[in-house]
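So this one's coords.cif, mmCIF, C-alpha atoms and all ligand atoms:
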```
data_target
#
loop_
_atom_site.label_atom_id
_atom_site.label_comp_id
_atom_site.auth_asym_id
_atom_site.auth_seq_id
_atom_site.Cartn_x
_atom_site.Cartn_y
_atom_site.Cartn_z
CA MET F 14 32.15 -35.62 -55.38
CA LYS F 15 30.58 -34.56 -58.67
CA PHE F 16 30.44 -38.01 -60.18
CA PRO F 17 27.86 -39.57 -57.79
CA VAL F 18 25.52 -36.60 -58.27
CA TYR F 19 25.82 -36.87 -62.04
CA LYS F 20 25.31 -40.62 -61.85
CA MET F 21 22.29 -40.20 -59.64
CA LEU F 22 20.71 -37.68 -62.03
CA CYS F 23 21.47 -39.96 -64.93
CA THR F 24 19.85 -42.94 -63.22
CA THR F 25 16.82 -40.86 -62.31
CA ALA F 26 16.48 -39.66 -65.91
CA MET F 27 16.73 -43.23 -67.20
CA ALA F 28 14.17 -44.43 -64.70
CA PHE F 29 11.89 -41.60 -65.83
CA VAL F 30 12.27 -42.53 -69.51
CA ALA F 31 11.64 -46.20 -68.69
CA ALA F 32 8.53 -45.28 -66.70
CA THR F 33 7.22 -43.08 -69.51
CA VAL F 34 7.74 -45.81 -72.13
CA ALA F 35 6.10 -48.39 -69.88
CA GLN F 36 3.19 -46.06 -69.26
CA ALA F 37 2.73 -45.40 -72.97
CA GLN F 38 2.59 -49.14 -73.68
CA GLU F 39 0.31 -49.89 -70.78
CA ASN F 40 -3.40 -50.29 -71.41
CA VAL F 41 -4.45 -47.14 -69.59
CA LEU F 42 -6.08 -43.81 -70.28
CA ASN F 43 -5.46 -40.64 -68.29
CA LEU F 44 -8.66 -38.66 -68.09
CA TYR F 45 -8.69 -35.04 -66.93
CA SER F 46 -12.30 -34.23 -66.15
CA ALA F 47 -14.22 -31.22 -64.89
CA ARG F 48 -17.17 -33.58 -64.34
CA HIS F 49 -17.75 -35.66 -61.23
CA TYR F 50 -21.09 -37.38 -60.94
CA GLN F 51 -22.09 -40.70 -59.44
CA THR F 52 -23.30 -42.25 -62.70
CA ASP F 53 -19.90 -41.54 -64.24
CA GLU F 54 -18.53 -44.51 -62.27
CA LEU F 55 -20.57 -46.93 -64.38
CA LEU F 56 -19.73 -44.96 -67.50
CA TYR F 57 -16.00 -45.53 -66.94
CA GLU F 58 -16.35 -49.10 -65.68
CA ASN F 59 -18.21 -50.12 -68.83
CA PHE F 60 -15.46 -48.67 -71.01
CA THR F 61 -12.85 -50.73 -69.14
CA LYS F 62 -15.04 -53.83 -69.46
CA GLN F 63 -15.43 -53.35 -73.22
CA THR F 64 -11.84 -52.43 -74.07
CA GLY F 65 -9.62 -53.62 -71.21
CA ILE F 66 -8.32 -50.04 -70.93
CA LYS F 67 -8.04 -48.80 -67.35
CA ILE F 68 -9.00 -45.19 -66.68
CA ASN F 69 -6.94 -43.00 -64.34
CA ARG F 70 -9.05 -40.04 -63.40
CA ILE F 71 -7.96 -36.54 -62.42
CA GLU F 72 -11.08 -34.63 -61.42
CA ALA F 73 -10.93 -30.93 -60.67
CA ASP F 74 -12.83 -27.82 -61.63
CA ASP F 75 -12.11 -26.25 -65.00
CA ASN F 76 -9.73 -23.57 -63.69
CA GLN F 77 -7.67 -26.10 -61.74
CA LEU F 78 -7.46 -28.30 -64.85
CA PHE F 79 -6.29 -25.34 -66.95
CA GLU F 80 -3.65 -24.52 -64.34
CA ARG F 81 -2.45 -28.12 -64.10
CA LEU F 82 -2.27 -28.63 -67.88
CA LYS F 83 -0.36 -25.36 -68.26
CA ASN F 84 2.16 -26.37 -65.60
CA GLU F 85 2.62 -29.86 -67.05
CA GLY F 86 3.14 -28.49 -70.56
CA LYS F 87 4.50 -30.94 -73.13
CA ASN F 88 5.06 -33.61 -70.45
CA SER F 89 1.41 -33.75 -69.45
CA PRO F 90 0.17 -37.33 -69.08
CA ALA F 91 -3.36 -36.19 -70.03
CA ASP F 92 -5.00 -38.22 -72.80
CA VAL F 93 -8.56 -36.90 -72.75
CA ILE F 94 -9.77 -33.56 -71.37
CA LEU F 95 -13.47 -33.09 -70.51
CA MET F 96 -14.79 -29.57 -69.86
CA VAL F 97 -18.18 -27.95 -69.32
CA ASP F 98 -19.31 -25.01 -71.45
CA ALA F 99 -18.35 -23.92 -74.97
CA ALA F 100 -16.45 -20.88 -73.65
CA ARG F 101 -14.06 -23.14 -71.72
CA LEU F 102 -13.66 -25.64 -74.57
CA TRP F 103 -12.84 -22.76 -76.90
CA ARG F 104 -10.28 -21.42 -74.41
CA ALA F 105 -8.69 -24.87 -74.09
CA GLN F 106 -8.52 -25.05 -77.88
CA THR F 107 -6.90 -21.61 -78.27
CA ASP F 108 -4.46 -22.49 -75.46
CA GLY F 109 -3.38 -25.43 -77.67
CA LEU F 110 -4.49 -28.12 -75.23
CA PHE F 111 -6.24 -30.33 -77.82
CA GLN F 112 -5.25 -32.09 -81.04
CA PRO F 113 -7.60 -32.68 -83.98
CA VAL F 114 -9.34 -36.06 -84.17
CA LYS F 115 -10.63 -37.52 -87.39
CA SER F 116 -13.20 -40.19 -86.65
CA THR F 117 -16.04 -41.37 -88.85
CA VAL F 118 -17.83 -42.57 -85.70
CA LEU F 119 -17.73 -39.13 -84.04
CA GLU F 120 -18.54 -37.36 -87.31
CA SER F 121 -21.63 -39.48 -87.86
CA ARG F 122 -22.81 -39.35 -84.21
CA ILE F 123 -22.16 -35.79 -82.97
CA PRO F 124 -24.07 -33.05 -84.83
CA ALA F 125 -21.81 -30.57 -86.65
CA ASN F 126 -23.05 -27.56 -84.63
CA LEU F 127 -21.98 -29.32 -81.39
CA ARG F 128 -18.28 -29.69 -82.20
CA ALA F 129 -15.26 -27.51 -82.90
CA ARG F 130 -14.73 -26.28 -86.43
CA ASP F 131 -12.99 -28.88 -88.56
CA GLU F 132 -10.12 -27.37 -90.58
CA GLY F 133 -9.71 -30.59 -92.56
CA LYS F 134 -7.89 -32.61 -89.88
CA GLY F 135 -10.93 -33.37 -87.73
CA ALA F 136 -12.47 -31.40 -84.86
CA GLU F 137 -10.43 -30.63 -81.72
CA TRP F 138 -13.40 -31.16 -79.38
CA TYR F 139 -16.83 -32.72 -79.47
CA GLY F 140 -19.95 -32.03 -77.39
CA PHE F 141 -21.34 -35.06 -75.53
CA SER F 142 -24.33 -33.53 -73.76
CA THR F 143 -26.37 -30.34 -73.95
CA ARG F 144 -28.05 -28.00 -71.46
CA GLY F 145 -30.36 -25.04 -72.03
CA ARG F 146 -30.28 -21.60 -70.37
CA ILE F 147 -33.78 -20.86 -69.13
CA ILE F 148 -35.54 -17.86 -67.59
CA VAL F 149 -36.81 -18.49 -64.04
CA TYR F 150 -39.42 -16.12 -62.61
CA ASN F 151 -41.35 -15.52 -59.39
CA LYS F 152 -44.92 -16.65 -59.93
CA ALA F 153 -46.38 -14.00 -57.59
CA THR F 154 -44.54 -10.92 -58.87
CA VAL F 155 -43.72 -11.50 -62.55
CA LYS F 156 -45.88 -12.27 -65.57
CA PRO F 157 -44.22 -14.83 -67.86
CA GLU F 158 -45.13 -12.79 -70.97
CA ASP F 159 -42.98 -9.91 -69.64
CA VAL F 160 -39.87 -12.11 -69.53
CA ALA F 161 -40.34 -14.29 -72.62
CA THR F 162 -36.95 -13.53 -74.19
CA TYR F 163 -33.36 -12.87 -73.06
CA GLU F 164 -33.75 -9.48 -74.75
CA SER F 165 -36.84 -8.62 -72.66
CA LEU F 166 -34.86 -8.87 -69.41
CA ALA F 167 -33.18 -5.58 -70.35
CA ASP F 168 -36.54 -3.89 -70.97
CA SER F 169 -37.36 -0.98 -68.63
CA LYS F 170 -40.55 -2.76 -67.50
CA ASN F 171 -38.31 -5.22 -65.62
CA LYS F 172 -36.45 -2.53 -63.68
CA GLY F 173 -35.28 -3.70 -60.24
CA LYS F 174 -36.21 -7.33 -60.93
CA VAL F 175 -33.30 -8.99 -62.73
CA CYS F 176 -30.66 -11.26 -61.16
CA THR F 177 -27.78 -13.16 -62.78
CA ARG F 178 -24.49 -14.64 -61.69
CA SER F 179 -21.37 -12.71 -62.72
CA GLY F 180 -21.43 -11.69 -66.37
CA SER F 181 -17.85 -12.95 -66.71
CA HIS F 182 -18.79 -16.52 -65.83
CA PRO F 183 -18.43 -18.84 -68.85
CA TYR F 184 -22.19 -19.63 -68.84
CA MET F 185 -22.99 -15.92 -69.19
CA LEU F 186 -20.17 -15.28 -71.69
CA SER F 187 -21.52 -18.09 -73.88
CA MET F 188 -25.08 -16.80 -73.61
CA ILE F 189 -23.95 -13.28 -74.51
CA GLY F 190 -21.72 -14.77 -77.23
CA SER F 191 -24.81 -16.28 -78.82
CA MET F 192 -26.55 -12.89 -78.61
CA ILE F 193 -23.63 -11.26 -80.43
CA GLU F 194 -23.95 -13.94 -83.12
CA ARG F 195 -27.69 -13.23 -83.49
CA ASN F 196 -28.10 -9.50 -82.80
CA GLY F 197 -24.64 -8.02 -83.38
CA GLU F 198 -22.27 -6.29 -80.94
CA GLN F 199 -24.02 -2.92 -80.81
CA ALA F 200 -27.45 -4.31 -79.89
CA THR F 201 -25.81 -6.64 -77.35
CA GLU F 202 -24.06 -3.70 -75.69
CA GLU F 203 -27.38 -1.84 -75.41
CA TRP F 204 -28.84 -5.01 -73.89
CA ALA F 205 -26.00 -5.26 -71.34
CA LYS F 206 -26.58 -1.64 -70.26
CA GLY F 207 -30.30 -2.35 -69.88
CA MET F 208 -29.53 -5.40 -67.74
CA VAL F 209 -27.28 -3.35 -65.42
CA ALA F 210 -30.07 -0.76 -65.09
CA ASN F 211 -32.54 -3.54 -64.19
CA PHE F 212 -30.53 -5.43 -61.58
CA ALA F 213 -32.28 -6.26 -58.30
CA ARG F 214 -28.80 -6.77 -56.78
CA PRO F 215 -25.23 -6.84 -58.07
CA PRO F 216 -24.38 -10.15 -59.83
CA GLN F 217 -23.39 -12.77 -57.25
CA GLY F 218 -23.53 -16.52 -56.52
CA GLY F 219 -24.18 -19.40 -58.91
CA ASP F 220 -27.26 -20.39 -60.90
CA THR F 221 -28.90 -22.16 -57.93
CA ASP F 222 -28.52 -18.95 -55.88
CA GLN F 223 -30.43 -17.09 -58.61
CA ILE F 224 -33.30 -19.59 -58.39
CA LYS F 225 -33.36 -19.17 -54.59
CA GLY F 226 -33.24 -15.37 -54.95
CA VAL F 227 -36.26 -15.54 -57.25
CA ALA F 228 -38.13 -17.71 -54.73
CA THR F 229 -37.53 -15.32 -51.81
CA GLY F 230 -38.67 -12.40 -53.95
CA GLU F 231 -35.33 -10.57 -53.78
CA CYS F 232 -35.24 -11.16 -57.54
CA GLY F 233 -38.23 -11.26 -59.87
CA VAL F 234 -36.46 -13.06 -62.66
CA ALA F 235 -33.13 -14.78 -63.35
CA VAL F 236 -31.38 -17.08 -65.81
CA ALA F 237 -30.13 -20.58 -64.97
CA ASN F 238 -28.98 -23.73 -66.73
CA THR F 239 -31.65 -26.42 -67.02
CA TYR F 240 -29.75 -28.94 -64.87
CA TYR F 241 -29.72 -26.62 -61.84
CA TYR F 242 -33.47 -26.24 -62.15
CA VAL F 243 -33.97 -30.01 -62.57
CA ARG F 244 -31.65 -30.75 -59.63
CA MET F 245 -33.86 -28.53 -57.46
CA LEU F 246 -37.00 -30.16 -58.87
CA ARG F 247 -35.64 -33.60 -57.93
CA SER F 248 -34.58 -32.54 -54.46
CA THR F 249 -36.54 -33.96 -51.53
CA LYS F 250 -35.26 -31.37 -49.03
CA PRO F 251 -38.19 -29.37 -47.61
CA GLU F 252 -36.43 -26.02 -48.20
CA ASP F 253 -35.86 -26.88 -51.89
CA ARG F 254 -39.49 -27.94 -52.33
CA GLU F 255 -40.50 -24.62 -50.78
CA THR F 256 -38.19 -22.77 -53.20
CA MET F 257 -39.57 -24.60 -56.24
CA SER F 258 -43.18 -23.94 -55.20
CA LYS F 259 -42.57 -20.19 -55.59
CA VAL F 260 -40.95 -20.24 -59.04
CA SER F 261 -41.65 -21.27 -62.60
CA PHE F 262 -39.66 -21.04 -65.82
CA ILE F 263 -40.07 -20.27 -69.51
CA TRP F 264 -38.20 -21.52 -72.54
CA PRO F 265 -36.73 -18.24 -73.82
CA ASN F 266 -37.04 -16.92 -77.37
CA GLN F 267 -39.55 -19.50 -78.58
CA LYS F 268 -41.01 -17.13 -81.21
CA THR F 269 -37.57 -16.00 -82.37
CA SER F 270 -34.14 -17.60 -82.17
CA GLY F 271 -34.85 -20.43 -79.69
CA THR F 272 -33.37 -21.19 -76.26
CA HIS F 273 -29.61 -20.85 -75.85
CA LEU F 274 -27.92 -24.26 -75.72
CA ASN F 275 -24.52 -25.14 -74.35
CA ILE F 276 -22.52 -28.35 -74.03
CA SER F 277 -20.28 -30.56 -71.94
CA GLY F 278 -17.60 -31.96 -74.16
CA GLY F 279 -14.02 -32.89 -74.63
CA GLY F 280 -11.17 -33.85 -76.88
CA VAL F 281 -7.82 -35.63 -77.08
CA ALA F 282 -4.98 -33.83 -75.30
CA ARG F 283 -2.25 -32.30 -77.48
CA ASN F 284 0.51 -34.67 -76.27
CA ALA F 285 -1.64 -37.66 -75.30
CA PRO F 286 0.66 -40.62 -74.50
CA HIS F 287 -2.23 -43.01 -75.29
CA ARG F 288 -3.77 -41.41 -78.35
CA GLU F 289 -5.44 -44.52 -79.70
CA ALA F 290 -7.14 -45.25 -76.36
CA ALA F 291 -8.19 -41.60 -76.14
CA VAL F 292 -9.95 -41.69 -79.53
CA LYS F 293 -11.58 -44.99 -78.56
CA PHE F 294 -12.88 -43.36 -75.38
CA LEU F 295 -14.42 -40.40 -77.23
CA GLU F 296 -16.07 -42.81 -79.68
CA TYR F 297 -17.34 -44.84 -76.73
CA LEU F 298 -18.88 -41.67 -75.23
CA SER F 299 -20.92 -41.21 -78.42
CA GLY F 300 -22.55 -44.66 -78.05
CA ASN F 301 -26.22 -44.86 -77.01
CA GLU F 302 -25.62 -46.36 -73.57
CA ALA F 303 -22.70 -44.09 -72.67
CA GLN F 304 -24.71 -41.09 -73.90
CA ALA F 305 -27.49 -41.94 -71.44
CA TYR F 306 -25.05 -42.18 -68.50
CA PHE F 307 -23.18 -39.06 -69.52
CA ALA F 308 -26.37 -37.00 -69.91
CA ASN F 309 -28.13 -38.29 -66.81
CA GLY F 310 -25.09 -37.73 -64.60
CA ASN F 311 -25.87 -34.02 -64.72
CA ASN F 312 -29.53 -33.97 -65.84
CA GLU F 313 -28.58 -33.04 -69.38
CA TRP F 314 -29.66 -34.15 -72.85
CA PRO F 315 -27.55 -36.52 -74.95
CA ALA F 316 -25.73 -34.74 -77.79
CA VAL F 317 -26.45 -37.67 -80.13
CA PRO F 318 -29.98 -37.10 -81.49
CA THR F 319 -30.93 -40.81 -81.52
CA ALA F 320 -29.67 -41.54 -77.99
CA VAL F 321 -32.31 -41.79 -75.26
CA ALA F 322 -31.73 -40.86 -71.61
CA LYS F 323 -34.64 -41.69 -69.33
CA ASN F 324 -34.92 -38.73 -66.97
CA PRO F 325 -38.54 -37.99 -65.95
CA ALA F 326 -37.69 -34.72 -64.13
CA LEU F 327 -35.87 -33.38 -67.19
CA GLU F 328 -38.67 -34.61 -69.48
CA SER F 329 -41.19 -32.80 -67.26
CA LEU F 330 -39.78 -29.49 -68.54
CA GLY F 331 -41.37 -30.34 -71.89
CA LYS F 332 -40.27 -29.80 -75.47
CA PHE F 333 -38.82 -26.54 -76.73
CA LYS F 334 -37.21 -24.85 -79.67
CA ALA F 335 -33.43 -24.64 -79.26
CA GLU F 336 -31.22 -22.08 -80.98
CA ASN F 337 -29.46 -23.34 -84.08
CA ILE F 338 -26.06 -21.68 -83.77
CA SER F 339 -22.64 -23.28 -84.01
CA ILE F 340 -21.31 -23.79 -80.47
CA ALA F 341 -17.81 -23.10 -81.83
CA GLY F 342 -18.93 -19.61 -82.94
CA ILE F 343 -20.38 -18.90 -79.50
CA GLY F 344 -17.10 -19.87 -77.82
CA LYS F 345 -15.01 -17.45 -79.81
CA ASN F 346 -17.41 -14.55 -79.05
CA GLN F 347 -16.49 -14.59 -75.37
CA ILE F 348 -13.76 -12.00 -75.98
CA PRO F 349 -16.07 -9.32 -77.48
CA ALA F 350 -18.68 -10.37 -74.87
CA GLN F 351 -16.29 -9.59 -72.01
CA LYS F 352 -15.41 -6.21 -73.56
CA ILE F 353 -19.10 -5.32 -73.83
CA LEU F 354 -19.65 -6.28 -70.18
CA ASP F 355 -16.70 -4.13 -69.06
CA ARG F 356 -18.05 -1.11 -70.97
CA ALA F 357 -21.56 -1.64 -69.58
CA GLY F 358 -20.33 -2.03 -65.99
CA TYR F 359 -21.83 -5.56 -65.85
CA LYS F 360 -19.67 -7.22 -63.19
FE FE F 401 -22.70 -25.85 -63.83
#
```
Could you quickly redo this structure as structure tokens?
Ligand code: FE
Amino acid sequence: MKFPVYKMLCTTAMAFVAATVAQAQENVLNLYSARHYQTDELLYENFTKQTGIKINRIEADDNQLFERLKNEGKNSPADVILMVDAARLWRAQTDGLFQPVKSTVLESRIPANLRARDEGKGAEWYGFSTRGRIIVYNKATVKPEDVATYESLADSKNKGKVCTRSGSHPYMLSMIGSMIERNGEQATEEWAKGMVANFARPPQGGDTDQIKGVATGECGVAVANTYYYVRMLRSTKPEDRETMSKVSFIWPNQKTSGTHLNISGGGVARNAPHREAAVKFLEYLSGNEAQAYFANGNNEWPAVPTAVAKNPALESLGKFKAENISIAGIGKNQIPAQKILDRAGYK
């Protein structure tokens, strides 16, 4: 009775090996992406048109992707992993999910401060679009000069007015990580305590909920990523137009460090079965046309300085001074940032 079972297992194993070899030789790319926007369809179609490489997409939110990649381990079919926010890219890197990529195309296209640190073998991830973290305020109850910097939100004059999403969310951890880089841990901890003292309500919801809270007057001021603000600006729903009529925004820290920037980005998976195709795909993403699709999909700016994405709503926000800090440094600061939040009681 044992023989058939053994034989069956053996056949299954051989079939598996054959399938894996066939898959590796096939002209495909397995893309694990935390992005899912309509314009991405064209982005992927054009890659297939140019290279003949078919893209299999697994789209899920970042936490689900982390979980899946962890469970798949060394046998993961993932070739390219796309994530949003430096804190998540850094976590993926420290979890060993990426492999370094040396590419003269990527090195010449993606600015050095928008990629992982290169230890001589190439960077493990590259940023492909950027977003800013802005301060949104209620036009009737708050004077913009009172909320001109991230630091000013913790000032006692803003008591009872401040709203944010959870401090532990990657967008907040990255923003606080940049503060640690600029002001040091001690000053950042004082800031966090000041924020907690100024809350209009306990941290809750996402960035869009903060904008809505500001509009209703429950909050006087909040922080949000630029693309949430632009998405609301572009909305034709009457309730969104009403919301946006009550609020305005400022580019934070224009006289000092500049507005905090973050990225969407990605890299080649550690055990990518189609490594060559994966590198080709990242290089493709750095091209002018792909940059425009990638950025516009989520109302972001292209990471490549010479790429142009026509987005009137985003352009209507105007020009601003962005912070000039390595995104890789911000990512690694999320651990001290979380400790500071815990000590300050910033949920
Ligand atoms: Fe987001």
Neighbours of ligand FE 401 (chain F) within 9 Å, counting all atoms listed in the file, as a ChimeraX atom specification? /F:97-98,184,219-220,238,240-241,311
Identify, on the basis of all atoms listed in the file, every residue whose closest approach to range 148-157 of chain F does not exceed 9 Å; exclude the query and any residue fewer than 5 positions from it along the same chain; express the result as a PyMOL selection string. chain F and resi 162-163+171+174+223-224+227-230+232-238+242+258-265
May I have the residues within 12 Å of range 181-183 of chain F as an mmCIF file with C-alpha atoms, in the coordinates of the input, using all atoms listed in the file and disregarding those fewer than 5 positions away in the same chain?
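Output (part19.cif):
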```cif
data_model
loop_
_atom_site.group_PDB
_atom_site.id
_atom_site.type_symbol
_atom_site.label_atom_id
_atom_site.label_comp_id
_atom_site.auth_asym_id
_atom_site.auth_seq_id
_atom_site.Cartn_x
_atom_site.Cartn_y
_atom_site.Cartn_z
ATOM 1 C CA ASP F 75 -12.110 -26.250 -65.000
ATOM 2 C CA ASN F 76 -9.730 -23.570 -63.690
ATOM 3 C CA MET F 96 -14.790 -29.570 -69.860
ATOM 4 C CA VAL F 97 -18.180 -27.950 -69.320
ATOM 5 C CA ASP F 98 -19.310 -25.010 -71.450
ATOM 6 C CA ALA F 99 -18.350 -23.920 -74.970
ATOM 7 C CA ALA F 100 -16.450 -20.880 -73.650
ATOM 8 C CA ARG F 101 -14.060 -23.140 -71.720
ATOM 9 C CA LEU F 102 -13.660 -25.640 -74.570
ATOM 10 C CA TRP F 103 -12.840 -22.760 -76.900
ATOM 11 C CA ARG F 104 -10.280 -21.420 -74.410
ATOM 12 C CA MET F 188 -25.080 -16.800 -73.610
ATOM 13 C CA ILE F 189 -23.950 -13.280 -74.510
ATOM 14 C CA GLY F 190 -21.720 -14.770 -77.230
ATOM 15 C CA PRO F 216 -24.380 -10.150 -59.830
ATOM 16 C CA GLN F 217 -23.390 -12.770 -57.250
ATOM 17 C CA GLY F 218 -23.530 -16.520 -56.520
ATOM 18 C CA GLY F 219 -24.180 -19.400 -58.910
ATOM 19 C CA ASP F 220 -27.260 -20.390 -60.900
ATOM 20 C CA ASN F 238 -28.980 -23.730 -66.730
ATOM 21 C CA ASN F 275 -24.520 -25.140 -74.350
ATOM 22 C CA ILE F 276 -22.520 -28.350 -74.030
ATOM 23 C CA ILE F 343 -20.380 -18.900 -79.500
ATOM 24 C CA GLY F 344 -17.100 -19.870 -77.820
ATOM 25 C CA LYS F 345 -15.010 -17.450 -79.810
ATOM 26 C CA ASN F 346 -17.410 -14.550 -79.050
ATOM 27 C CA GLN F 347 -16.490 -14.590 -75.370
ATOM 28 C CA ILE F 348 -13.760 -12.000 -75.980
ATOM 29 C CA PRO F 349 -16.070 -9.320 -77.480
ATOM 30 C CA ALA F 350 -18.680 -10.370 -74.870
ATOM 31 C CA GLN F 351 -16.290 -9.590 -72.010
ATOM 32 C CA LYS F 352 -15.410 -6.210 -73.560
ATOM 33 C CA ILE F 353 -19.100 -5.320 -73.830
ATOM 34 C CA LEU F 354 -19.650 -6.280 -70.180
ATOM 35 C CA ASP F 355 -16.700 -4.130 -69.060
ATOM 36 C CA GLY F 358 -20.330 -2.030 -65.990
ATOM 37 C CA TYR F 359 -21.830 -5.560 -65.850
ATOM 38 C CA LYS F 360 -19.670 -7.220 -63.190
#
```
Show me, as an MDAnalysis selection string, the residues that have an atom within 8 Å of Ile123 in chain F when counting all atoms listed in the file, minus same-chain residues fewer than 3 positions from it. chainID F and resid 119:120 127:128 139:141 299 316:317
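If you look at CA of Met257 in chain F and CA of Val160 in chain F, they are 18.2 Å away from each other.
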With all atoms of range 281-287 of chain F from the file as input, state the centre and edge lengths in Å to one decimal of the axis-aligned box that has 6 Å extra on each side, as AutoDock Vina command-line options.
```
--center_x -3.6 --center_y -37.7 --center_z -76.0 --size_x 20.5 --size_y 22.7 --size_z 15.0
```
If we draw a sphere of 12 Å around (-23.2, -0.9, -80.2), which residues have at least one atom in it when counting all atoms listed in the file? Please report them as JSON, numbers by chain. {"F": [193, 196, 197, 198, 199, 200, 201, 202, 203, 204, 205, 206, 349, 350, 352, 353, 354, 356, 357]}
Report, in Å to a single decimal, how far apart CA of Ala303 in chain F and CA of Ala285 in chain F are.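 Between CA of Ala285 in chain F and CA of Ala303 in chain F the gap works out to 22.2 Å.
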Start from the incomplete input, build N, CA, C and O atoms for range 116-128 of chain F, and deliver everything as a PDB file, in the coordinates of the input.
```
ATOM      1  N   SER F 116     -12.550 -38.937 -86.998  1.00  0.00           N
ATOM      2  CA  SER F 116     -13.200 -40.190 -86.650  1.00  0.00           C
ATOM      3  C   SER F 116     -14.551 -40.239 -87.336  1.00  0.00           C
ATOM      4  O   SER F 116     -15.389 -39.357 -87.125  1.00  0.00           O
ATOM      5  N   THR F 117     -14.756 -41.261 -88.149  1.00  0.00           N
ATOM      6  CA  THR F 117     -16.040 -41.370 -88.850  1.00  0.00           C
ATOM      7  C   THR F 117     -17.157 -41.627 -87.839  1.00  0.00           C
ATOM      8  O   THR F 117     -18.279 -41.204 -88.039  1.00  0.00           O
ATOM      9  N   VAL F 118     -16.823 -42.315 -86.742  1.00  0.00           N
ATOM     10  CA  VAL F 118     -17.830 -42.570 -85.700  1.00  0.00           C
ATOM     11  C   VAL F 118     -18.304 -41.240 -85.111  1.00  0.00           C
ATOM     12  O   VAL F 118     -19.495 -40.943 -85.062  1.00  0.00           O
ATOM     13  N   LEU F 119     -17.355 -40.401 -84.665  1.00  0.00           N
ATOM     14  CA  LEU F 119     -17.730 -39.130 -84.040  1.00  0.00           C
ATOM     15  C   LEU F 119     -18.424 -38.206 -85.045  1.00  0.00           C
ATOM     16  O   LEU F 119     -19.383 -37.516 -84.708  1.00  0.00           O
ATOM     17  N   GLU F 120     -17.929 -38.218 -86.295  1.00  0.00           N
ATOM     18  CA  GLU F 120     -18.540 -37.360 -87.310  1.00  0.00           C
ATOM     19  C   GLU F 120     -19.980 -37.755 -87.599  1.00  0.00           C
ATOM     20  O   GLU F 120     -20.826 -36.900 -87.852  1.00  0.00           O
ATOM     21  N   SER F 121     -20.259 -39.055 -87.551  1.00  0.00           N
ATOM     22  CA  SER F 121     -21.630 -39.480 -87.860  1.00  0.00           C
ATOM     23  C   SER F 121     -22.553 -39.346 -86.641  1.00  0.00           C
ATOM     24  O   SER F 121     -23.750 -39.184 -86.783  1.00  0.00           O
ATOM     25  N   ARG F 122     -21.983 -39.366 -85.428  1.00  0.00           N
ATOM     26  CA  ARG F 122     -22.810 -39.350 -84.210  1.00  0.00           C
ATOM     27  C   ARG F 122     -23.067 -37.946 -83.669  1.00  0.00           C
ATOM     28  O   ARG F 122     -24.173 -37.617 -83.267  1.00  0.00           O
ATOM     29  N   ILE F 123     -22.028 -37.122 -83.598  1.00  0.00           N
ATOM     30  CA  ILE F 123     -22.160 -35.790 -82.970  1.00  0.00           C
ATOM     31  C   ILE F 123     -22.526 -34.737 -84.015  1.00  0.00           C
ATOM     32  O   ILE F 123     -21.766 -34.531 -84.966  1.00  0.00           O
ATOM     33  N   PRO F 124     -23.663 -34.057 -83.845  1.00  0.00           N
ATOM     34  CA  PRO F 124     -24.070 -33.050 -84.830  1.00  0.00           C
ATOM     35  C   PRO F 124     -22.980 -31.990 -85.049  1.00  0.00           C
ATOM     36  O   PRO F 124     -22.259 -31.634 -84.111  1.00  0.00           O
ATOM     37  N   ALA F 125     -22.892 -31.494 -86.287  1.00  0.00           N
ATOM     38  CA  ALA F 125     -21.810 -30.570 -86.650  1.00  0.00           C
ATOM     39  C   ALA F 125     -21.821 -29.294 -85.820  1.00  0.00           C
ATOM     40  O   ALA F 125     -20.762 -28.738 -85.525  1.00  0.00           O
ATOM     41  N   ASN F 126     -23.013 -28.820 -85.394  1.00  0.00           N
ATOM     42  CA  ASN F 126     -23.050 -27.560 -84.630  1.00  0.00           C
ATOM     43  C   ASN F 126     -22.623 -27.766 -83.170  1.00  0.00           C
ATOM     44  O   ASN F 126     -22.488 -26.818 -82.426  1.00  0.00           O
ATOM     45  N   LEU F 127     -22.395 -29.035 -82.766  1.00  0.00           N
ATOM     46  CA  LEU F 127     -21.980 -29.320 -81.390  1.00  0.00           C
ATOM     47  C   LEU F 127     -20.505 -29.757 -81.310  1.00  0.00           C
ATOM     48  O   LEU F 127     -20.105 -30.445 -80.379  1.00  0.00           O
ATOM     49  N   ARG F 128     -19.716 -29.377 -82.286  1.00  0.00           N
ATOM     50  CA  ARG F 128     -18.280 -29.690 -82.200  1.00  0.00           C
ATOM     51  C   ARG F 128     -17.452 -28.504 -82.712  1.00  0.00           C
ATOM     52  O   ARG F 128     -17.993 -27.594 -83.339  1.00  0.00           O
TER      53      ARG F 128
END
```
